[in-house]
Amino acid sequence: MSRQISDRLLTQLSVYVTSWLGLHFPEKRWGDLARIISHAARELGFEDVDAFIERLVSRQTTKEQEEILAGHLTIGETYFFREQKSFDILENRILPDLIASRRGREQRLRIWSAGCSTGEEPYSLAILLSRLIPDPREWQITILATDINSRALGKAVHGVYSDWSFRGIPQWVRQRYFTKTPNGHDELQHAIRRMVTFSVLNLAEDNYPSLSTNTNAMDIILCRNVLMYFEPKQQHKVIKSFQRSLLEGGWLVVSPCETSPAFSTCFETVVFPDAVFYKRNEQRNKPQVIVPTLISQPSSLIEGKGEGRKPQLIAPPAPGKVKQVEPKTQTSVYEKALTLYHQGKYKEAAHKLSGLLAETEATSGAKPAFGKAAALMAQAQANRGEIAVALEWVEKAIAADKLNAELYYLRATIFQEQGEILKAVASLKQSIYLDQAFVMAHFALGALTLQSGKPREAGRHLENALSLLLACPADDPVPGAEGMTGARLSEIITATKACISQR
């Protein structure tokens, strides 16, 4: 069947897949593409593959059909502690330094597994952290795991694996962290599973960093064996977005076989034994290659005393802008700060805003302008990991503009980063009281209650959000969603509801 597909259709399909998923299928891989599309067409009941391709490239397929195709295109080869050398470096160098630098201060740690497939990578990180941090209940730990393949995420949520996922790891890891199921598979302990938050995210289409998807202020991003399938232009876009998603000094971990000029452009290259990591270092004047001291010990996966911990909640999204309009004399300063913010230059944006805030705070009648600038300052500080400072600024913004629902919503995201879940819920309810049609507040309440183990209540909030989205144009940005369209948010909510049904 695959040999009958014309070059014209394969060209159109290749262009579509690149724009949709970022995946690159040059002409030499058209045989693979034809085979994949033929299998997907059969699964979806299409006898005529050409007709299926025509419907696909003209955007006439359903979201369910697109998700099935995405599953065929993005089947991931993964297993626990894959590419062990990278985990050696995380265990012996990166994570101990991070933990030591945060202990006794703001004890927060944020890691993102991008392209997580069926969950073995983020769960490996959770096992590692449970061993390195003896007092996990005293920390705010986020392990975000994203993938475009919702069917793979459905398997990840269950945390049940076959022998193939355990090749190459010590037997005691399997014995300690897994229990046998009646059908002979292994189920991961609930205490480890609840450390990870899974979410649908398209690296090619979705915006990040974004508080809407909890992809901001990361300490470490792992994106391994994903970028090699992207075309160069899309690779550069994703790498640049990863840079903006990381805190200063944060780390990007990719597969050893993945290369791109964008790595050296955006990051400092750090060469470890048998692995290369990339570090965000805005202080460097030119790209550098750093060779650190050799690691003194190999990976040990030493028996630790880590306990189970409370589930970490995905941060609800924050507004990208506030609806008030500042005086024209202040527009240029604010817009420059906003541009710096969108470039990921959060420190520079905060510096630019500090003068504007000092001026507007002292000016009679400038409260709306002050509130808008203070809200952006809060977002910039949150993306820098300065959560306490961010809370101070959002409180000032609310004091200046008490009826702005988006400010209470922004405050809720900051409360959640501090682990103040009850305060976050109360602030979201204040936001909805001020604007009952504020979709993102309903969605955020749904995310909070779902992660808190209240699926029925979460379902009600998510249904409210979906109902409100019916009145929004599908291609228009949703207020407060940092550029996300109504159609995309509907997809995310639908996928979240599917997770509820699987629990």
# chains A, B, ... in the order shown; residues from 1 in each chain; ligands from 1
$ residues_around --residues "region 164-178 of chain A" --least-positions-apart "4" --cutoff "8 Å" --atoms "only C-alpha atoms" --output "count of residues only"
10
$ closest_atom_pairs --of "region 140-215 of chain A" --to "region 419-423 of chain A" --cutoff "12 Å" --atoms "only C-alpha atoms" --output "tab-separated table"
residue	atom	partner	partner_atom	distance
A:Gln140	CA	A:Gly419	CA	6.7
A:Ile141	CA	A:Gly419	CA	9.7
A:Thr142	CA	A:Gly419	CA	10.9
$ write_last_selection --atoms "N, CA, C and O atoms" --output "PDB file, in the first residue's frame"
ATOM      1  N   GLN A 140      10.061  22.070  47.662  1.00  0.00           N
ATOM      2  CA  GLN A 140       9.092  22.194  46.585  1.00  0.00           C
ATOM      3  C   GLN A 140       9.760  21.630  45.324  1.00  0.00           C
ATOM      4  O   GLN A 140      10.595  22.278  44.711  1.00  0.00           O
ATOM      5  N   ILE A 141       9.419  20.403  44.990  1.00  0.00           N
ATOM      6  CA  ILE A 141      10.045  19.721  43.866  1.00  0.00           C
ATOM      7  C   ILE A 141       9.035  19.552  42.748  1.00  0.00           C
ATOM      8  O   ILE A 141       7.937  19.031  42.962  1.00  0.00           O
ATOM      9  N   THR A 142       9.404  20.007  41.562  1.00  0.00           N
ATOM     10  CA  THR A 142       8.570  19.839  40.368  1.00  0.00           C
ATOM     11  C   THR A 142       9.326  18.992  39.357  1.00  0.00           C
ATOM     12  O   THR A 142      10.448  19.318  38.985  1.00  0.00           O
TER      13      THR A 142
END
$ closest_residue --among "A:Lys279, A:Lys396, A:Lys352, A:Lys63" --to "Ala495 (chain A)" --atoms "only C-alpha atoms"
A:Lys63
$ residues_around --residues "Ile94 (chain A)" --least-positions-apart "4" --cutoff "10 Å" --atoms "only C-alpha atoms" --output "count of residues only"
10
$ select_by_dssp --residues "region 90-303 of chain A" --states "strand (DSSP E or B)" --output "MDAnalysis selection string"
chainID A and resid 108:114 140:147 160:161 178:180 186:188 196:200 218:222 230 246:253 268:272 275:279 289:290
$ atom_distance --atom1 "CA of Asp7 (chain A)" --atom2 "CA of Arg55 (chain A)"
16.6 Å
$ residues_around --residues "region 404-416 of chain A" --least-positions-apart "3" --cutoff "8 Å" --atoms "only C-alpha atoms" --output "PyMOL selection string"
chain A and resi 211+313+315-319+322+375+382+387+390-391+394-395+397-398+401+419-421+423-428+430-432+434-435+438+441+480
$ residues_around --residues "Leu489 (chain A)" --least-positions-apart "2" --cutoff "10 Å" --atoms "only C-alpha atoms" --output "JSON, numbers by chain"
{"A": [212, 439, 440, 443, 465, 466, 469, 474, 477, 478, 481, 484, 485, 486, 487, 491, 492, 493, 494, 495]}
$ write_last_selection --atoms "N, CA, C and O atoms" --output "short mmCIF file (atom, residue, chain, number, x, y, z; two decimals), in the first residue's frame"
data_model
loop_
_atom_site.label_atom_id
_atom_site.label_comp_id
_atom_site.auth_asym_id
_atom_site.auth_seq_id
_atom_site.Cartn_x
_atom_site.Cartn_y
_atom_site.Cartn_z
N SER A 212 1.57 29.18 31.76
CA SER A 212 0.39 28.43 31.37
C SER A 212 0.67 26.93 31.29
O SER A 212 -0.23 26.12 31.49
N VAL A 439 -11.65 32.02 31.69
CA VAL A 439 -11.44 30.60 31.40
C VAL A 439 -10.23 30.04 32.15
O VAL A 439 -10.30 28.94 32.73
N MET A 440 -9.13 30.76 32.15
CA MET A 440 -7.90 30.22 32.71
C MET A 440 -7.99 29.97 34.21
O MET A 440 -7.36 29.05 34.73
N PHE A 443 -9.71 26.66 34.52
CA PHE A 443 -8.78 25.60 34.14
C PHE A 443 -7.76 25.36 35.25
O PHE A 443 -7.44 24.21 35.58
N ALA A 465 -14.58 25.37 32.12
CA ALA A 465 -13.63 26.00 31.20
C ALA A 465 -13.98 25.67 29.75
O ALA A 465 -13.96 26.55 28.88
N LEU A 466 -14.32 24.42 29.48
CA LEU A 466 -14.68 24.03 28.12
C LEU A 466 -15.94 24.76 27.65
O LEU A 466 -16.03 25.20 26.50
N LEU A 469 -15.12 28.21 26.68
CA LEU A 469 -14.35 28.27 25.44
C LEU A 469 -15.22 28.20 24.20
O LEU A 469 -14.80 28.64 23.12
N ALA A 474 -11.91 29.92 17.94
CA ALA A 474 -10.93 28.85 18.13
C ALA A 474 -9.50 29.31 17.90
O ALA A 474 -8.57 28.85 18.57
N PRO A 477 -6.26 34.06 20.72
CA PRO A 477 -5.63 33.79 22.01
C PRO A 477 -6.64 33.91 23.15
O PRO A 477 -7.51 34.78 23.14
N VAL A 478 -6.52 33.02 24.12
CA VAL A 478 -7.39 33.06 25.30
C VAL A 478 -6.82 34.08 26.27
O VAL A 478 -5.61 34.08 26.54
N ALA A 481 -3.71 33.50 28.76
CA ALA A 481 -3.06 32.22 28.44
C ALA A 481 -1.74 32.39 27.71
O ALA A 481 -1.23 31.43 27.13
N MET A 484 -1.81 31.28 23.97
CA MET A 484 -2.44 30.01 23.62
C MET A 484 -3.84 30.25 23.05
O MET A 484 -4.61 31.05 23.58
N THR A 485 -4.16 29.56 21.96
CA THR A 485 -5.47 29.74 21.32
C THR A 485 -6.54 28.92 22.03
O THR A 485 -6.24 27.97 22.77
N GLY A 486 -7.78 29.28 21.73
CA GLY A 486 -8.90 28.54 22.31
C GLY A 486 -8.89 27.09 21.88
O GLY A 486 -9.19 26.19 22.67
N ALA A 487 -8.55 26.84 20.61
CA ALA A 487 -8.52 25.46 20.10
C ALA A 487 -7.47 24.64 20.84
O ALA A 487 -7.71 23.48 21.23
N GLU A 491 -7.89 21.36 23.48
CA GLU A 491 -7.19 20.08 23.34
C GLU A 491 -6.54 19.68 24.67
O GLU A 491 -6.62 18.51 25.08
N ILE A 492 -5.91 20.64 25.33
CA ILE A 492 -5.23 20.34 26.59
C ILE A 492 -6.23 19.93 27.66
O ILE A 492 -6.02 18.98 28.42
N ILE A 493 -7.37 20.64 27.72
CA ILE A 493 -8.39 20.30 28.71
C ILE A 493 -8.96 18.92 28.43
O ILE A 493 -9.18 18.11 29.35
N THR A 494 -9.20 18.63 27.17
CA THR A 494 -9.73 17.31 26.81
C THR A 494 -8.75 16.21 27.21
O THR A 494 -9.15 15.16 27.74
N ALA A 495 -7.46 16.44 26.97
CA ALA A 495 -6.45 15.45 27.36
C ALA A 495 -6.38 15.31 28.87
O ALA A 495 -6.21 14.20 29.40
#
$ select_by_dssp --residues "region 176-239 of chain A" --states "alpha helix (DSSP H)" --output "CSV table (one decimal) with N, CA and C atoms, in the first residue's frame"
chain,number,residue,atom,x,y,z
A,176,ARG,N,13.0,-2.8,44.7
A,176,ARG,CA,12.7,-1.8,45.8
A,176,ARG,C,11.5,-0.9,45.4
A,177,TYR,N,11.5,-0.4,44.1
A,177,TYR,CA,10.5,0.6,43.7
A,177,TYR,C,9.3,0.1,42.9
A,190,HIS,N,3.5,4.3,44.3
A,190,HIS,CA,2.7,5.5,44.2
A,190,HIS,C,3.5,6.7,44.7
A,191,ALA,N,4.3,6.5,45.7
A,191,ALA,CA,5.1,7.6,46.2
A,191,ALA,C,6.0,8.2,45.2
A,192,ILE,N,6.5,7.4,44.3
A,192,ILE,CA,7.4,7.9,43.2
A,192,ILE,C,6.5,8.5,42.1
A,193,ARG,N,5.4,7.8,41.7
A,193,ARG,CA,4.6,8.3,40.6
A,193,ARG,C,4.1,9.7,40.9
A,232,PRO,N,16.4,21.6,10.9
A,232,PRO,CA,17.3,22.6,11.6
A,232,PRO,C,16.6,23.8,12.1
A,233,LYS,N,15.8,24.4,11.3
A,233,LYS,CA,15.1,25.7,11.7
A,233,LYS,C,14.3,25.5,13.0
A,234,GLN,N,13.6,24.3,13.0
A,234,GLN,CA,12.8,24.0,14.2
A,234,GLN,C,13.6,23.7,15.4
A,235,GLN,N,14.8,23.0,15.1
A,235,GLN,CA,15.7,22.7,16.2
A,235,GLN,C,16.1,24.0,16.9
A,236,HIS,N,16.5,25.0,16.1
A,236,HIS,CA,17.0,26.3,16.6
A,236,HIS,C,15.9,27.0,17.5
A,237,LYS,N,14.7,26.9,17.0
A,237,LYS,CA,13.6,27.5,17.7
A,237,LYS,C,13.4,26.9,19.0
A,238,VAL,N,13.4,25.5,19.1
A,238,VAL,CA,13.2,24.8,20.3
A,238,VAL,C,14.3,25.1,21.3
A,239,ILE,N,15.6,25.0,20.8
A,239,ILE,CA,16.7,25.2,21.7
A,239,ILE,C,16.7,26.6,22.3
$ atom_distance --atom1 "CA of Phe277 (chain A)" --atom2 "CA of Val253 (chain A)"
5.4 Å
$ closest_residue --among "A:Val49, A:Val276, A:Ile111, A:Leu470" --to "Ser245 (chain A)" --atoms "only C-alpha atoms"
A:Ile111
$ atom_distance --atom1 "CA of Cys223 (chain A)" --atom2 "CA of Tyr16 (chain A)"
22.8 Å
$ residues_around --residues "Lys345 (chain A)" --least-positions-apart "4" --cutoff "9 Å" --atoms "only C-alpha atoms" --output "number ranges by chain"
A: 244, 282, 339-341, 349-350, 380
$ write_last_selection --atoms "C-alpha atoms" --output "short mmCIF file (atom, residue, chain, number, x, y, z; two decimals), in the first residue's frame"
data_model
loop_
_atom_site.label_atom_id
_atom_site.label_comp_id
_atom_site.auth_asym_id
_atom_site.auth_seq_id
_atom_site.Cartn_x
_atom_site.Cartn_y
_atom_site.Cartn_z
CA ARG A 244 14.54 31.07 27.95
CA GLU A 282 24.36 35.01 30.29
CA THR A 339 10.31 42.80 24.80
CA LEU A 340 13.16 41.85 27.13
CA TYR A 341 10.77 39.59 29.03
CA ALA A 349 13.41 43.38 32.14
CA ALA A 350 13.21 43.76 35.92
CA ALA A 380 9.87 38.41 35.50
#
$ closest_residue --among "A:Val157, A:Val226, A:Ala437, A:Val389" --to "Arg194 (chain A)" --atoms "only C-alpha atoms"
A:Val157
$ decode --residues "region 122-152 of chain A" --atoms "N, CA, C and O atoms" --output "PDB file, in the first residue's frame"
ATOM      1  N   PRO A 122      11.293  10.561  33.307  1.00  0.00           N
ATOM      2  CA  PRO A 122      10.947  11.343  34.499  1.00  0.00           C
ATOM      3  C   PRO A 122      10.837  10.503  35.763  1.00  0.00           C
ATOM      4  O   PRO A 122      11.188  10.973  36.858  1.00  0.00           O
ATOM      5  N   TYR A 123      10.394   9.256  35.637  1.00  0.00           N
ATOM      6  CA  TYR A 123      10.343   8.409  36.822  1.00  0.00           C
ATOM      7  C   TYR A 123      11.743   8.043  37.302  1.00  0.00           C
ATOM      8  O   TYR A 123      11.987   7.909  38.509  1.00  0.00           O
ATOM      9  N   SER A 124      12.700   7.906  36.386  1.00  0.00           N
ATOM     10  CA  SER A 124      14.093   7.692  36.789  1.00  0.00           C
ATOM     11  C   SER A 124      14.604   8.892  37.582  1.00  0.00           C
ATOM     12  O   SER A 124      15.304   8.740  38.594  1.00  0.00           O
ATOM     13  N   LEU A 125      14.241  10.093  37.137  1.00  0.00           N
ATOM     14  CA  LEU A 125      14.620  11.303  37.877  1.00  0.00           C
ATOM     15  C   LEU A 125      13.984  11.333  39.254  1.00  0.00           C
ATOM     16  O   LEU A 125      14.622  11.728  40.239  1.00  0.00           O
ATOM     17  N   ALA A 126      12.729  10.919  39.341  1.00  0.00           N
ATOM     18  CA  ALA A 126      12.043  10.900  40.633  1.00  0.00           C
ATOM     19  C   ALA A 126      12.717   9.921  41.594  1.00  0.00           C
ATOM     20  O   ALA A 126      12.902  10.216  42.784  1.00  0.00           O
ATOM     21  N   ILE A 127      13.099   8.746  41.089  1.00  0.00           N
ATOM     22  CA  ILE A 127      13.806   7.774  41.927  1.00  0.00           C
ATOM     23  C   ILE A 127      15.126   8.367  42.405  1.00  0.00           C
ATOM     24  O   ILE A 127      15.491   8.263  43.590  1.00  0.00           O
ATOM     25  N   LEU A 128      15.842   9.023  41.489  1.00  0.00           N
ATOM     26  CA  LEU A 128      17.133   9.613  41.838  1.00  0.00           C
ATOM     27  C   LEU A 128      16.972  10.694  42.910  1.00  0.00           C
ATOM     28  O   LEU A 128      17.716  10.722  43.902  1.00  0.00           O
ATOM     29  N   LEU A 129      15.998  11.573  42.741  1.00  0.00           N
ATOM     30  CA  LEU A 129      15.786  12.637  43.724  1.00  0.00           C
ATOM     31  C   LEU A 129      15.344  12.085  45.069  1.00  0.00           C
ATOM     32  O   LEU A 129      15.707  12.631  46.128  1.00  0.00           O
ATOM     33  N   SER A 130      14.559  11.019  45.058  1.00  0.00           N
ATOM     34  CA  SER A 130      14.110  10.442  46.329  1.00  0.00           C
ATOM     35  C   SER A 130      15.284   9.902  47.131  1.00  0.00           C
ATOM     36  O   SER A 130      15.195   9.773  48.359  1.00  0.00           O
ATOM     37  N   ARG A 131      16.380   9.631  46.462  1.00  0.00           N
ATOM     38  CA  ARG A 131      17.566   9.121  47.133  1.00  0.00           C
ATOM     39  C   ARG A 131      18.530  10.235  47.535  1.00  0.00           C
ATOM     40  O   ARG A 131      19.257  10.098  48.522  1.00  0.00           O
ATOM     41  N   LEU A 132      18.543  11.314  46.765  1.00  0.00           N
ATOM     42  CA  LEU A 132      19.482  12.400  47.044  1.00  0.00           C
ATOM     43  C   LEU A 132      18.958  13.393  48.085  1.00  0.00           C
ATOM     44  O   LEU A 132      19.754  14.108  48.702  1.00  0.00           O
ATOM     45  N   ILE A 133      17.652  13.477  48.244  1.00  0.00           N
ATOM     46  CA  ILE A 133      17.065  14.444  49.176  1.00  0.00           C
ATOM     47  C   ILE A 133      16.414  13.679  50.321  1.00  0.00           C
ATOM     48  O   ILE A 133      15.345  13.091  50.165  1.00  0.00           O
ATOM     49  N   PRO A 134      17.058  13.649  51.502  1.00  0.00           N
ATOM     50  CA  PRO A 134      16.520  12.871  52.616  1.00  0.00           C
ATOM     51  C   PRO A 134      15.280  13.485  53.262  1.00  0.00           C
ATOM     52  O   PRO A 134      14.572  12.808  54.001  1.00  0.00           O
ATOM     53  N   ASP A 135      15.028  14.780  52.979  1.00  0.00           N
ATOM     54  CA  ASP A 135      13.880  15.461  53.593  1.00  0.00           C
ATOM     55  C   ASP A 135      12.989  16.065  52.506  1.00  0.00           C
ATOM     56  O   ASP A 135      12.779  17.281  52.459  1.00  0.00           O
ATOM     57  N   PRO A 136      12.440  15.252  51.612  1.00  0.00           N
ATOM     58  CA  PRO A 136      11.702  15.792  50.466  1.00  0.00           C
ATOM     59  C   PRO A 136      10.485  16.616  50.841  1.00  0.00           C
ATOM     60  O   PRO A 136      10.079  17.481  50.079  1.00  0.00           O
ATOM     61  N   ARG A 137       9.899  16.350  51.998  1.00  0.00           N
ATOM     62  CA  ARG A 137       8.714  17.103  52.408  1.00  0.00           C
ATOM     63  C   ARG A 137       9.035  18.568  52.719  1.00  0.00           C
ATOM     64  O   ARG A 137       8.132  19.401  52.798  1.00  0.00           O
ATOM     65  N   GLU A 138      10.298  18.869  52.885  1.00  0.00           N
ATOM     66  CA  GLU A 138      10.727  20.235  53.158  1.00  0.00           C
ATOM     67  C   GLU A 138      11.057  20.995  51.877  1.00  0.00           C
ATOM     68  O   GLU A 138      11.475  22.147  51.936  1.00  0.00           O
ATOM     69  N   TRP A 139      10.872  20.355  50.726  1.00  0.00           N
ATOM     70  CA  TRP A 139      11.235  20.948  49.440  1.00  0.00           C
ATOM     71  C   TRP A 139      10.009  21.092  48.553  1.00  0.00           C
ATOM     72  O   TRP A 139       9.051  20.331  48.669  1.00  0.00           O
ATOM     73  N   GLN A 140      10.061  22.070  47.662  1.00  0.00           N
ATOM     74  CA  GLN A 140       9.092  22.194  46.585  1.00  0.00           C
ATOM     75  C   GLN A 140       9.760  21.630  45.324  1.00  0.00           C
ATOM     76  O   GLN A 140      10.595  22.278  44.711  1.00  0.00           O
ATOM     77  N   ILE A 141       9.419  20.403  44.990  1.00  0.00           N
ATOM     78  CA  ILE A 141      10.045  19.721  43.866  1.00  0.00           C
ATOM     79  C   ILE A 141       9.035  19.552  42.748  1.00  0.00           C
ATOM     80  O   ILE A 141       7.937  19.031  42.962  1.00  0.00           O
ATOM     81  N   THR A 142       9.404  20.007  41.562  1.00  0.00           N
ATOM     82  CA  THR A 142       8.570  19.839  40.368  1.00  0.00           C
ATOM     83  C   THR A 142       9.326  18.992  39.357  1.00  0.00           C
ATOM     84  O   THR A 142      10.448  19.318  38.985  1.00  0.00           O
ATOM     85  N   ILE A 143       8.714  17.891  38.947  1.00  0.00           N
ATOM     86  CA  ILE A 143       9.209  17.125  37.807  1.00  0.00           C
ATOM     87  C   ILE A 143       8.088  17.144  36.775  1.00  0.00           C
ATOM     88  O   ILE A 143       7.069  16.466  36.932  1.00  0.00           O
ATOM     89  N   LEU A 144       8.249  17.970  35.761  1.00  0.00           N
ATOM     90  CA  LEU A 144       7.262  18.091  34.694  1.00  0.00           C
ATOM     91  C   LEU A 144       7.660  17.166  33.552  1.00  0.00           C
ATOM     92  O   LEU A 144       8.807  17.172  33.117  1.00  0.00           O
ATOM     93  N   ALA A 145       6.722  16.369  33.067  1.00  0.00           N
ATOM     94  CA  ALA A 145       6.983  15.444  31.965  1.00  0.00           C
ATOM     95  C   ALA A 145       5.968  15.704  30.864  1.00  0.00           C
ATOM     96  O   ALA A 145       4.763  15.624  31.100  1.00  0.00           O
ATOM     97  N   THR A 146       6.448  16.041  29.671  1.00  0.00           N
ATOM     98  CA  THR A 146       5.539  16.405  28.579  1.00  0.00           C
ATOM     99  C   THR A 146       5.830  15.571  27.336  1.00  0.00           C
ATOM    100  O   THR A 146       6.952  15.140  27.096  1.00  0.00           O
ATOM    101  N   ASP A 147       4.783  15.400  26.544  1.00  0.00           N
ATOM    102  CA  ASP A 147       4.912  14.722  25.261  1.00  0.00           C
ATOM    103  C   ASP A 147       3.686  15.069  24.431  1.00  0.00           C
ATOM    104  O   ASP A 147       2.631  15.397  24.984  1.00  0.00           O
ATOM    105  N   ILE A 148       3.802  14.989  23.119  1.00  0.00           N
ATOM    106  CA  ILE A 148       2.650  15.241  22.261  1.00  0.00           C
ATOM    107  C   ILE A 148       1.772  14.001  22.134  1.00  0.00           C
ATOM    108  O   ILE A 148       0.594  14.087  21.796  1.00  0.00           O
ATOM    109  N   ASN A 149       2.326  12.839  22.428  1.00  0.00           N
ATOM    110  CA  ASN A 149       1.632  11.568  22.266  1.00  0.00           C
ATOM    111  C   ASN A 149       0.799  11.275  23.514  1.00  0.00           C
ATOM    112  O   ASN A 149       1.313  10.806  24.529  1.00  0.00           O
ATOM    113  N   SER A 150      -0.503  11.569  23.453  1.00  0.00           N
ATOM    114  CA  SER A 150      -1.363  11.408  24.625  1.00  0.00           C
ATOM    115  C   SER A 150      -1.528   9.941  25.014  1.00  0.00           C
ATOM    116  O   SER A 150      -1.739   9.620  26.183  1.00  0.00           O
ATOM    117  N   ARG A 151      -1.409   9.038  24.036  1.00  0.00           N
ATOM    118  CA  ARG A 151      -1.521   7.612  24.372  1.00  0.00           C
ATOM    119  C   ARG A 151      -0.301   7.146  25.171  1.00  0.00           C
ATOM    120  O   ARG A 151      -0.436   6.341  26.105  1.00  0.00           O
ATOM    121  N   ALA A 152       0.868   7.652  24.819  1.00  0.00           N
ATOM    122  CA  ALA A 152       2.058   7.334  25.611  1.00  0.00           C
ATOM    123  C   ALA A 152       1.941   7.894  27.017  1.00  0.00           C
ATOM    124  O   ALA A 152       2.313   7.235  27.999  1.00  0.00           O
TER     125      ALA A 152
END
